[in-house]
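Trainee: The structure's right below; bear with me while I get my questions together.
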Amino acid sequence: MKCMYCGCLDSKVIDSRSAEDGTIIRRRRECINCGKRFTTYETVENTPIFVIKSNGSRQAFDINKLKNGIIKACEKRPVPTSRIDKLIDDIQKKIYNSLVQEITSKELGEMVCEELKNIDEVAYVRFASVYRSFTDKTSFMKELEKLVNKD
């Protein structure tokens, strides 16, 4: 790490500690040349993920947009916020662990539907109705019948 005071490329780490829930490492360094101390921060570099929409356009993956959709589906349902947060974390991990740089909105929607089905069936149907663009009561009823017949 280059010293901000003298420009020397040699420094030694004096102290390392975790910061912000373990997502950042804070390092205190001392320059070998001038002896001055400075702090650096190390974080994981996230590769940008793009969502391919049904019309073919691409958008940067926005976890907040996904979270808002899930929260809306779970509105007035007995689903704890901690469970929603875990669901979002699980989906985000699946996406980043897949090492893909693009995911279709269909794949993303199916991931959410699968998880919501196990958490709350009403929230699942709400999310599916928007995600799958139910246009009439017949398509809505078909989805409900699938859910009922699965049990």
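Identifiers for the structure tokens are assigned positionally: chains receive A, B, ... in sequence, residues are indexed from 1 per chain, and ligands are indexed from 1 in the order shown.
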Find the spatial neighbours of range 128-138 of chain A, counting only C-alpha atoms, within a cut-off of 8 Å - ignore same-chain residues fewer than 4 positions away - and output them as a ChimeraX atom specification.

Mentor: /A:109,113,124,142

Trainee: Between CA of Lys12 in chain A and CA of Cys31 in chain A, what is the distance in Å, rounded to a tenth?

Mentor: 6.6 Å

Trainee: Please provide the set of residues having any atom within 12 Å of Lys76 in chain A, restricted to only C-alpha atoms, with same-chain residues fewer than 3 positions apart removed, written as a PyMOL selection string.

Mentor: chain A and resi 71-73+79-81+120+122-123+126

Trainee: Kindly save the residues from that selection, with N, CA and C atoms included, as an mmCIF file, in the first residue's frame.

Mentor:
data_model
loop_
_atom_site.group_PDB
_atom_site.id
_atom_site.type_symbol
_atom_site.label_atom_id
_atom_site.label_comp_id
_atom_site.auth_asym_id
_atom_site.auth_seq_id
_atom_site.Cartn_x
_atom_site.Cartn_y
_atom_site.Cartn_z
ATOM 1 N N ILE A 71 -41.716 -7.064 0.265
ATOM 2 C CA ILE A 71 -42.416 -6.420 1.388
ATOM 3 C C ILE A 71 -43.867 -6.142 1.018
ATOM 4 N N LYS A 72 -44.100 -5.685 -0.196
ATOM 5 C CA LYS A 72 -45.464 -5.404 -0.651
ATOM 6 C C LYS A 72 -46.300 -6.684 -0.666
ATOM 7 N N ALA A 73 -45.696 -7.798 -1.097
ATOM 8 C CA ALA A 73 -46.414 -9.077 -1.128
ATOM 9 C C ALA A 73 -46.738 -9.574 0.285
ATOM 10 N N VAL A 79 -45.654 -12.224 8.559
ATOM 11 C CA VAL A 79 -44.285 -12.571 8.162
ATOM 12 C C VAL A 79 -43.345 -11.583 8.843
ATOM 13 N N PRO A 80 -42.491 -12.069 9.758
ATOM 14 C CA PRO A 80 -41.581 -11.163 10.463
ATOM 15 C C PRO A 80 -40.569 -10.517 9.510
ATOM 16 N N THR A 81 -40.198 -9.305 9.818
ATOM 17 C CA THR A 81 -39.219 -8.577 9.010
ATOM 18 C C THR A 81 -37.905 -9.350 8.929
ATOM 19 N N ASP A 120 -45.113 -17.999 3.239
ATOM 20 C CA ASP A 120 -46.501 -17.585 3.369
ATOM 21 C C ASP A 120 -47.181 -17.725 2.009
ATOM 22 N N VAL A 122 -50.144 -16.832 0.933
ATOM 23 C CA VAL A 122 -50.849 -15.649 0.437
ATOM 24 C C VAL A 122 -49.847 -14.663 -0.171
ATOM 25 N N ALA A 123 -48.727 -14.467 0.518
ATOM 26 C CA ALA A 123 -47.675 -13.580 -0.009
ATOM 27 C C ALA A 123 -47.143 -14.134 -1.332
ATOM 28 N N ARG A 126 -49.684 -13.349 -4.028
ATOM 29 C CA ARG A 126 -49.622 -11.908 -4.332
ATOM 30 C C ARG A 126 -48.428 -11.594 -5.230
#

Trainee: Which of these, A:Ser139, A:Asn97, A:Asn68, A:Thr104, has the shortest distance to Asn46 in chain A once you count only C-alpha atoms?

Mentor: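 Checking each of A:Ser139, A:Asn97, A:Asn68, A:Thr104 against Asn46 in chain A, counting only C-alpha atoms, the winner is A:Asn97.
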
Trainee: Using only C-alpha atoms, which residue out of A:Arg77, A:Lys93, A:Arg27, A:Lys117 lies closest to Glu42 in chain A?

Mentor: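 Ranking A:Arg77, A:Lys93, A:Arg27, A:Lys117 by distance to Glu42 in chain A, first place goes to A:Arg27.
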
Trainee: Using backbone DSSP assignments, extract all strand (DSSP E or B) residues from range 11-128 of chain A; output them as JSON, numbers by chain.

Mentor: {"A": [11, 12, 13, 14, 15, 16, 17, 18, 19, 24, 25, 26, 27, 28, 29, 30, 31, 37, 38, 39, 40, 41, 42, 43, 50, 51, 52, 58, 59, 60, 102, 103, 104]}

Trainee: Neighbours of Leu9 in chain A within 12 Å (only C-alpha atoms; same-chain residues fewer than 4 positions away dropped), as a list in words?

Mentor: Met1, Lys2, Cys3, Met4, Tyr5, Arg29, Glu30, Cys31, Ile32, Asn33 and Cys34 of chain A

Trainee: Could you give me, as an MDAnalysis selection string, each residue of range 19-111 of chain A that DSSP assigns to helix (DSSP H, G or I) when run on this structure's backbone?

Mentor: chainID A and resid 63:73 81:97 105:111

Trainee: Write to file, as an mmCIF file, in the first residue's frame, the residues of the selection just made, with N, CA and C atoms.

Mentor:
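Now in part36.cif:
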data_model
loop_
_atom_site.group_PDB
_atom_site.id
_atom_site.type_symbol
_atom_site.label_atom_id
_atom_site.label_comp_id
_atom_site.auth_asym_id
_atom_site.auth_seq_id
_atom_site.Cartn_x
_atom_site.Cartn_y
_atom_site.Cartn_z
ATOM 1 N N ILE A 63 -31.117 -4.695 -5.240
ATOM 2 C CA ILE A 63 -31.661 -5.487 -4.145
ATOM 3 C C ILE A 63 -32.816 -4.756 -3.453
ATOM 4 N N ASN A 64 -32.780 -3.430 -3.433
ATOM 5 C CA ASN A 64 -33.857 -2.663 -2.794
ATOM 6 C C ASN A 64 -35.168 -2.787 -3.563
ATOM 7 N N LYS A 65 -35.080 -2.841 -4.880
ATOM 8 C CA LYS A 65 -36.281 -3.002 -5.700
ATOM 9 C C LYS A 65 -36.916 -4.375 -5.421
ATOM 10 N N LEU A 66 -36.074 -5.393 -5.317
ATOM 11 C CA LEU A 66 -36.549 -6.739 -5.000
ATOM 12 C C LEU A 66 -37.172 -6.768 -3.606
ATOM 13 N N LYS A 67 -36.497 -6.143 -2.654
ATOM 14 C CA LYS A 67 -36.992 -6.111 -1.276
ATOM 15 C C LYS A 67 -38.354 -5.422 -1.201
ATOM 16 N N ASN A 68 -38.513 -4.313 -1.906
ATOM 17 C CA ASN A 68 -39.793 -3.604 -1.897
ATOM 18 C C ASN A 68 -40.928 -4.468 -2.440
ATOM 19 N N GLY A 69 -40.651 -5.241 -3.484
ATOM 20 C CA GLY A 69 -41.657 -6.136 -4.039
ATOM 21 C C GLY A 69 -42.059 -7.228 -3.063
ATOM 22 N N ILE A 70 -41.083 -7.768 -2.360
ATOM 23 C CA ILE A 70 -41.361 -8.822 -1.375
ATOM 24 C C ILE A 70 -42.119 -8.245 -0.188
ATOM 25 N N ILE A 71 -41.716 -7.064 0.265
ATOM 26 C CA ILE A 71 -42.416 -6.420 1.388
ATOM 27 C C ILE A 71 -43.867 -6.142 1.018
ATOM 28 N N LYS A 72 -44.100 -5.685 -0.196
ATOM 29 C CA LYS A 72 -45.464 -5.404 -0.651
ATOM 30 C C LYS A 72 -46.300 -6.684 -0.666
ATOM 31 N N ALA A 73 -45.696 -7.798 -1.097
ATOM 32 C CA ALA A 73 -46.414 -9.077 -1.128
ATOM 33 C C ALA A 73 -46.738 -9.574 0.285
ATOM 34 N N THR A 81 -40.198 -9.305 9.818
ATOM 35 C CA THR A 81 -39.219 -8.577 9.010
ATOM 36 C C THR A 81 -37.905 -9.350 8.929
ATOM 37 N N SER A 82 -37.540 -10.003 10.021
ATOM 38 C CA SER A 82 -36.289 -10.772 10.027
ATOM 39 C C SER A 82 -36.344 -11.900 8.987
ATOM 40 N N ARG A 83 -37.514 -12.474 8.783
ATOM 41 C CA ARG A 83 -37.677 -13.552 7.791
ATOM 42 C C ARG A 83 -37.561 -12.993 6.370
ATOM 43 N N ILE A 84 -38.091 -11.803 6.157
ATOM 44 C CA ILE A 84 -37.973 -11.147 4.848
ATOM 45 C C ILE A 84 -36.505 -10.830 4.565
ATOM 46 N N ASP A 85 -35.807 -10.300 5.577
ATOM 47 C CA ASP A 85 -34.384 -9.984 5.416
ATOM 48 C C ASP A 85 -33.571 -11.234 5.096
ATOM 49 N N LYS A 86 -33.889 -12.348 5.767
ATOM 50 C CA LYS A 86 -33.177 -13.600 5.495
ATOM 51 C C LYS A 86 -33.452 -14.083 4.074
ATOM 52 N N LEU A 87 -34.710 -13.969 3.641
ATOM 53 C CA LEU A 87 -35.090 -14.347 2.283
ATOM 54 C C LEU A 87 -34.289 -13.539 1.266
ATOM 55 N N ILE A 88 -34.189 -12.246 1.486
ATOM 56 C CA ILE A 88 -33.450 -11.374 0.560
ATOM 57 C C ILE A 88 -31.970 -11.740 0.561
ATOM 58 N N ASP A 89 -31.408 -11.967 1.747
ATOM 59 C CA ASP A 89 -29.993 -12.367 1.837
ATOM 60 C C ASP A 89 -29.752 -13.679 1.100
ATOM 61 N N ASP A 90 -30.656 -14.644 1.284
ATOM 62 C CA ASP A 90 -30.506 -15.947 0.626
ATOM 63 C C ASP A 90 -30.533 -15.809 -0.898
ATOM 64 N N ILE A 91 -31.451 -15.016 -1.404
ATOM 65 C CA ILE A 91 -31.555 -14.825 -2.855
ATOM 66 C C ILE A 91 -30.327 -14.110 -3.380
ATOM 67 N N GLN A 92 -29.883 -13.082 -2.664
ATOM 68 C CA GLN A 92 -28.695 -12.340 -3.088
ATOM 69 C C GLN A 92 -27.467 -13.263 -3.111
ATOM 70 N N LYS A 93 -27.331 -14.109 -2.103
ATOM 71 C CA LYS A 93 -26.204 -15.060 -2.063
ATOM 72 C C LYS A 93 -26.276 -16.036 -3.233
ATOM 73 N N LYS A 94 -27.483 -16.548 -3.516
ATOM 74 C CA LYS A 94 -27.645 -17.472 -4.649
ATOM 75 C C LYS A 94 -27.189 -16.826 -5.944
ATOM 76 N N ILE A 95 -27.587 -15.584 -6.147
ATOM 77 C CA ILE A 95 -27.244 -14.881 -7.388
ATOM 78 C C ILE A 95 -25.735 -14.679 -7.481
ATOM 79 N N TYR A 96 -25.124 -14.155 -6.422
ATOM 80 C CA TYR A 96 -23.680 -13.893 -6.462
ATOM 81 C C TYR A 96 -22.862 -15.183 -6.484
ATOM 82 N N ASN A 97 -23.342 -16.226 -5.812
ATOM 83 C CA ASN A 97 -22.618 -17.508 -5.812
ATOM 84 C C ASN A 97 -22.722 -18.244 -7.142
ATOM 85 N N SER A 105 -35.255 -11.794 -15.503
ATOM 86 C CA SER A 105 -36.257 -11.444 -14.497
ATOM 87 C C SER A 105 -37.119 -12.669 -14.179
ATOM 88 N N LYS A 106 -37.280 -13.560 -15.155
ATOM 89 C CA LYS A 106 -38.041 -14.799 -14.943
ATOM 90 C C LYS A 106 -37.343 -15.686 -13.902
ATOM 91 N N GLU A 107 -36.024 -15.866 -14.049
ATOM 92 C CA GLU A 107 -35.273 -16.672 -13.080
ATOM 93 C C GLU A 107 -35.342 -16.053 -11.687
ATOM 94 N N LEU A 108 -35.185 -14.751 -11.619
ATOM 95 C CA LEU A 108 -35.233 -14.041 -10.348
ATOM 96 C C LEU A 108 -36.612 -14.179 -9.702
ATOM 97 N N GLY A 109 -37.654 -14.004 -10.497
ATOM 98 C CA GLY A 109 -39.017 -14.145 -9.989
ATOM 99 C C GLY A 109 -39.300 -15.547 -9.482
ATOM 100 N N GLU A 110 -38.794 -16.563 -10.190
ATOM 101 C CA GLU A 110 -38.991 -17.952 -9.757
ATOM 102 C C GLU A 110 -38.282 -18.228 -8.433
ATOM 103 N N MET A 111 -37.091 -17.650 -8.260
ATOM 104 C CA MET A 111 -36.366 -17.808 -6.982
ATOM 105 C C MET A 111 -37.212 -17.262 -5.834
#

Trainee: To one decimal in Å, tell me the separation between CA of Ser11 in chain A and CA of Thr39 in chain A.

Mentor: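 Straight-line distance from CA of Ser11 in chain A to CA of Thr39 in chain A works out to 11.1 Å.
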
Trainee: Measuring between only C-alpha atoms, which one of A:Gln59, A:Gln101, A:Ser54, A:Thr43 shows the shortest distance to Glu20 in chain A?

Mentor: A:Thr43
